[in-house]
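One structure below.
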Amino acid sequence: MVHLLTTLLLGWSVAVDAARPGFHPRRQPGTHPRSSHNAARALQHRQSGTTITVDLSKTYQTIDGFGTSQAFQRAVQMSKLPEAEQRHALDLLFSTTNGAGLTILRNGIGSSPDMSSDHMVSIAPKNPGGPTKDPIYAWDGSDNKQLWVSQEAVNTYGVKTIYADAWSAPGYMKTNGNDANGGSLCGVTGAKCSSGDWRQAYADYLVRYIQFYKESNVTITHLGFLNEPELTTSYASMRSSAQQAADFIKLLHPTLQKANLGSVAIACCDAEGWSSQAAMLSGLKPVDDLLGIITAHSYTSSPSSPMNSKHPVWQTEAADLQGAWTSAWYASGGAGEGWTWANNVYTALVGANASAYLYWVGAQAGNTNSHMIHLANGKAEPSKRLWALGQWSRFVRPGAVRVATAGSTSGVKTAAFRNVDGSVAVVFLNSGGAEAKVGVKVTGAGSAKAWVTDNKRAVEEIATAFADGMASLGVPSRAMVSVLVYPAVVQNLRPLRAVRKGV
């Protein structure tokens, strides 16, 4: 017992072994438990191949979660489903038993004067007459139905991270007088307006949005004020350089503090690509201590290497925007297939040390892969993109710390994480043409379970043999398997300290 507790306190040693192909350990009905135990031990002795060791003493980033958005009236579309299908769609997004178990919701802070098309209506659509005039707020208690989704996420499913992000300031605060078609915030470097400096008014606007949610019993945890600031679009958009963003952050931070919202983390800057955001970091250095997280998208460049920042870095928007709707897991490695997105997340977490990964839209109508759940004919149909995120989010929970692995198994990607509750999640992606037999050994483990997603299954539990701290299972070809290994004793576990790479 002393040896077991000592081992748990120091961290688990996890070994993953490639097992002999074609062998399926399986207890027959009526078999004595000792026979099953011995069979599992025999399997371990017959295993061959590379051992992958998970070293809990070497840590990387803390995982904040996985998520999506219902911005641009996608929440309105979901609210128009029959009541039973509304619940089905919400379950698919947030349930840890019937869905993907997503843990981050990204809301769009509206800037448009109305809800025509799919515009996100502003909380202050009318110009008060100047930046020092009292704003004319018009909170409708709905926020394009995003408040409803947020309340469900928080109160029904226990989601704790709500990221509110503005695509633009209201048009009357900008150089072009329009919340669309680019333009910059009046008052930042190089953006003078005859109406005056609107930076403080915009900071107050964002704070009031957070307060409206707080009054509705939803806590916004993260706040962004830009979206793809290098891009001009026909919908809500606002141009900004890193220096201009820093100009605004210098006012936004004390405004949050003054409103007793100092716990809200400031995010910047949701650039269109990972590399574009990395290039902005030098310009943000004067306000680095005021920031909470760095945020980037994956359209012009995907996460491939860590950013040079002390802050958590989130990938906050990615999608196959052009592909025709598909719910497939794997056919040819297409951009919209679930297998592709399982690997995209892996690269972001392991290759780029991302702390969060968000797919663009959760549920919406339309025939593209911009979303994970298809709304049509009053029904909600999940795609395997959703289940790809679910294979991560259901088992790698907020606060988990990624830990190192050594060794490799041909054709199988491996990542390991220690959750706050002491369980260890080991994720496998098998790109090979045959099932890979693996063993997961955790010193001091008490049990293990595993779940798979492939062409036939969606986060479905699969059999595992467990004996002497070893979980033995098969990872099918072109499949993702998440293994949870539980400690025999969970009390007094020493928490892991994540080390931010790239600083």
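FYI, nothing fancy with the structure tokens labels: chains A, B, ... in order, residues from 1 per chain, ligands from 1 as they appear.
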Contact check, region 79-167 of chain A to region 220-239 of chain A, at most 7 Å, counting only C-alpha atoms, closest pairs as CSV:
```
residue,atom,partner,partner_atom,distance
A:Thr161,CA,A:Thr221,CA,5.8
A:Ile162,CA,A:Ile220,CA,5.0
A:Tyr163,CA,A:His222,CA,4.6
A:Ala164,CA,A:Leu223,CA,5.0
A:Asp165,CA,A:Gly224,CA,4.2
A:Ala166,CA,A:Phe225,CA,4.7
A:Trp167,CA,A:Asn227,CA,4.7
```
For those residues, write all heavy atoms to a file as a PDB file, in the first residue's frame.
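Heads up, here's the output in part20.pdb:
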```
ATOM      1  N   THR A 161     -17.179  27.663 -19.518  1.00  0.00           N
ATOM      2  CA  THR A 161     -16.411  28.631 -20.306  1.00  0.00           C
ATOM      3  C   THR A 161     -17.265  29.222 -21.418  1.00  0.00           C
ATOM      4  O   THR A 161     -17.645  28.521 -22.358  1.00  0.00           O
ATOM      5  CB  THR A 161     -15.158  27.970 -20.905  1.00  0.00           C
ATOM      6  OG1 THR A 161     -14.383  27.389 -19.847  1.00  0.00           O
ATOM      7  CG2 THR A 161     -14.306  28.989 -21.638  1.00  0.00           C
ATOM      8  N   ILE A 162     -17.582  30.491 -21.304  1.00  0.00           N
ATOM      9  CA  ILE A 162     -18.321  31.234 -22.321  1.00  0.00           C
ATOM     10  C   ILE A 162     -17.407  32.336 -22.848  1.00  0.00           C
ATOM     11  O   ILE A 162     -17.007  33.242 -22.117  1.00  0.00           O
ATOM     12  CB  ILE A 162     -19.615  31.860 -21.757  1.00  0.00           C
ATOM     13  CG1 ILE A 162     -20.492  30.804 -21.089  1.00  0.00           C
ATOM     14  CG2 ILE A 162     -20.371  32.572 -22.881  1.00  0.00           C
ATOM     15  CD1 ILE A 162     -21.064  29.764 -22.020  1.00  0.00           C
ATOM     16  N   TYR A 163     -17.079  32.232 -24.124  1.00  0.00           N
ATOM     17  CA  TYR A 163     -16.207  33.206 -24.776  1.00  0.00           C
ATOM     18  C   TYR A 163     -17.068  34.118 -25.639  1.00  0.00           C
ATOM     19  O   TYR A 163     -17.651  33.693 -26.625  1.00  0.00           O
ATOM     20  CB  TYR A 163     -15.153  32.480 -25.619  1.00  0.00           C
ATOM     21  CG  TYR A 163     -14.288  33.377 -26.490  1.00  0.00           C
ATOM     22  CD1 TYR A 163     -13.925  34.655 -26.076  1.00  0.00           C
ATOM     23  CD2 TYR A 163     -13.818  32.930 -27.720  1.00  0.00           C
ATOM     24  CE1 TYR A 163     -13.135  35.466 -26.866  1.00  0.00           C
ATOM     25  CE2 TYR A 163     -13.011  33.727 -28.526  1.00  0.00           C
ATOM     26  CZ  TYR A 163     -12.679  35.001 -28.091  1.00  0.00           C
ATOM     27  OH  TYR A 163     -11.889  35.802 -28.881  1.00  0.00           O
ATOM     28  N   ALA A 164     -17.166  35.401 -25.263  1.00  0.00           N
ATOM     29  CA  ALA A 164     -17.916  36.390 -26.031  1.00  0.00           C
ATOM     30  C   ALA A 164     -16.940  37.179 -26.892  1.00  0.00           C
ATOM     31  O   ALA A 164     -15.973  37.749 -26.380  1.00  0.00           O
ATOM     32  CB  ALA A 164     -18.674  37.327 -25.095  1.00  0.00           C
ATOM     33  N   ASP A 165     -17.196  37.203 -28.189  1.00  0.00           N
ATOM     34  CA  ASP A 165     -16.272  37.844 -29.126  1.00  0.00           C
ATOM     35  C   ASP A 165     -17.034  38.743 -30.078  1.00  0.00           C
ATOM     36  O   ASP A 165     -18.062  38.348 -30.639  1.00  0.00           O
ATOM     37  CB  ASP A 165     -15.511  36.766 -29.907  1.00  0.00           C
ATOM     38  CG  ASP A 165     -14.399  37.341 -30.769  1.00  0.00           C
ATOM     39  OD1 ASP A 165     -13.899  38.431 -30.435  1.00  0.00           O
ATOM     40  OD2 ASP A 165     -14.021  36.698 -31.759  1.00  0.00           O
ATOM     41  N   ALA A 166     -16.541  39.945 -30.279  1.00  0.00           N
ATOM     42  CA  ALA A 166     -17.166  40.901 -31.200  1.00  0.00           C
ATOM     43  C   ALA A 166     -16.456  40.858 -32.546  1.00  0.00           C
ATOM     44  O   ALA A 166     -15.226  40.908 -32.605  1.00  0.00           O
ATOM     45  CB  ALA A 166     -17.104  42.308 -30.624  1.00  0.00           C
ATOM     46  N   TRP A 167     -17.231  40.776 -33.612  1.00  0.00           N
ATOM     47  CA  TRP A 167     -16.674  40.857 -34.965  1.00  0.00           C
ATOM     48  C   TRP A 167     -16.369  42.315 -35.317  1.00  0.00           C
ATOM     49  O   TRP A 167     -15.484  42.590 -36.109  1.00  0.00           O
ATOM     50  CB  TRP A 167     -17.658  40.272 -35.963  1.00  0.00           C
ATOM     51  CG  TRP A 167     -17.511  38.806 -36.252  1.00  0.00           C
ATOM     52  CD1 TRP A 167     -17.184  38.254 -37.460  1.00  0.00           C
ATOM     53  CD2 TRP A 167     -17.672  37.706 -35.353  1.00  0.00           C
ATOM     54  NE1 TRP A 167     -17.137  36.871 -37.357  1.00  0.00           N
ATOM     55  CE2 TRP A 167     -17.433  36.510 -36.074  1.00  0.00           C
ATOM     56  CE3 TRP A 167     -17.997  37.592 -34.001  1.00  0.00           C
ATOM     57  CZ2 TRP A 167     -17.513  35.243 -35.490  1.00  0.00           C
ATOM     58  CZ3 TRP A 167     -18.071  36.340 -33.411  1.00  0.00           C
ATOM     59  CH2 TRP A 167     -17.824  35.186 -34.149  1.00  0.00           C
TER      60      TRP A 167
END
```
Just list as a PyMOL selection string whatever in region 128-375 of chain A DSSP marks as strand (DSSP E).
chain A and resi 161-166+222-224+265-271+293-297+313-317+320-324+356-364+368-369+371-375
Produce a table with one row for each residue of region 220-289 of chain A that has an atom at most 9 Å from any atom of region 313-333 of chain A, each row naming the nearest atom pair and its distance in Å at one decimal; use only C-alpha atoms; arrange rows by chain and rising residue number; format as a Markdown table.
```
| residue | atom | partner | partner_atom | distance |
| --- | --- | --- | --- | --- |
| A:Asp270 | CA | A:Thr316 | CA | 7.0 |
| A:Glu272 | CA | A:Glu317 | CA | 8.6 |
| A:Trp274 | CA | A:Gln315 | CA | 7.9 |
```
Near Arg394 (chain A), within 7 Å and counting only C-alpha atoms, which residues show up once chain neighbours fewer than 3 positions away are dropped, as a list in words?
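Using only C-alpha atoms, the neighbours found are Thr96, Ala100, Gly101, Gly390, Gln391 and Arg397 of chain A.
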For those residues, write C-alpha atoms to a file as a compact mmCIF listing (two decimals), in the first residue's frame.
```txt
# COMPACT_ATOMS: atom_id res chain seq x y z
CA THR A 96 -21.06 13.89 -21.88
CA ALA A 100 -19.77 15.47 -27.82
CA GLY A 101 -19.49 16.93 -24.32
CA GLY A 390 -16.37 14.37 -28.92
CA GLN A 391 -13.60 11.78 -28.80
CA ARG A 397 -11.66 17.49 -19.71
```
Given only C-alpha atoms as the counted atoms, nearest of A:Val54, A:Ala153, A:Ala180, A:Ala75 to Val403 (chain A)
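Distance minimum relative to Val403 (chain A) lands on A:Val54.
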Nearest residue to Ser275 (chain A) out of A:Gly177, A:Gly196, A:Gly171, A:Pro306, using only C-alpha atoms?
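Checking each of A:Gly177, A:Gly196, A:Gly171, A:Pro306 against Ser275 (chain A), counting only C-alpha atoms, the winner is A:Pro306.
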Could you tell me which of A:Ser111, A:Thr62, A:Thr53, A:Thr68 comes closest to Leu92 (chain A) if we count only C-alpha atoms?
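Among the listed residues, A:Thr68 lies closest to Leu92 (chain A).
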Where does region 121-161 of chain A meet region 204-215 of chain A within 10 Å, residue by residue, with the nearest atom pair and distance in Å to one decimal for each, counting only C-alpha atoms, listed by chain and rising number, as JSON lines?
```
{"residue": "A:Ser122", "atom": "CA", "partner": "A:Tyr209", "partner_atom": "CA", "distance": 9.7}
{"residue": "A:Ile123", "atom": "CA", "partner": "A:Tyr209", "partner_atom": "CA", "distance": 7.3}
{"residue": "A:Ala124", "atom": "CA", "partner": "A:Tyr205", "partner_atom": "CA", "distance": 7.9}
{"residue": "A:Pro135", "atom": "CA", "partner": "A:Tyr205", "partner_atom": "CA", "distance": 8.3}
{"residue": "A:Tyr137", "atom": "CA", "partner": "A:Arg208", "partner_atom": "CA", "distance": 8.9}
{"residue": "A:Trp139", "atom": "CA", "partner": "A:Phe212", "partner_atom": "CA", "distance": 7.6}
{"residue": "A:Asp140", "atom": "CA", "partner": "A:Phe212", "partner_atom": "CA", "distance": 9.8}
{"residue": "A:Gly141", "atom": "CA", "partner": "A:Phe212", "partner_atom": "CA", "distance": 8.1}
{"residue": "A:Ser142", "atom": "CA", "partner": "A:Tyr213", "partner_atom": "CA", "distance": 9.8}
{"residue": "A:Asp143", "atom": "CA", "partner": "A:Tyr213", "partner_atom": "CA", "distance": 9.4}
{"residue": "A:Leu147", "atom": "CA", "partner": "A:Tyr213", "partner_atom": "CA", "distance": 7.4}
{"residue": "A:Ser150", "atom": "CA", "partner": "A:Tyr213", "partner_atom": "CA", "distance": 9.2}
{"residue": "A:Gln151", "atom": "CA", "partner": "A:Tyr213", "partner_atom": "CA", "distance": 9.4}
```
I need the residues from that last selection saved to file as a CSV table (one decimal), in the first residue's frame (with C-alpha atoms), if you can.
```
chain,number,residue,atom,x,y,z
A,122,SER,CA,-26.3,45.3,-31.5
A,123,ILE,CA,-27.2,45.9,-27.8
A,124,ALA,CA,-27.0,49.6,-28.7
A,135,PRO,CA,-25.5,55.0,-24.8
A,137,TYR,CA,-29.0,50.3,-24.9
A,139,TRP,CA,-31.2,44.6,-24.6
A,140,ASP,CA,-33.9,42.2,-25.8
A,141,GLY,CA,-33.1,39.3,-23.4
A,142,SER,CA,-32.3,37.0,-26.3
A,143,ASP,CA,-29.1,38.1,-28.0
A,147,LEU,CA,-28.5,33.6,-24.4
A,150,SER,CA,-25.7,29.8,-23.1
A,151,GLN,CA,-28.2,29.2,-20.3
```
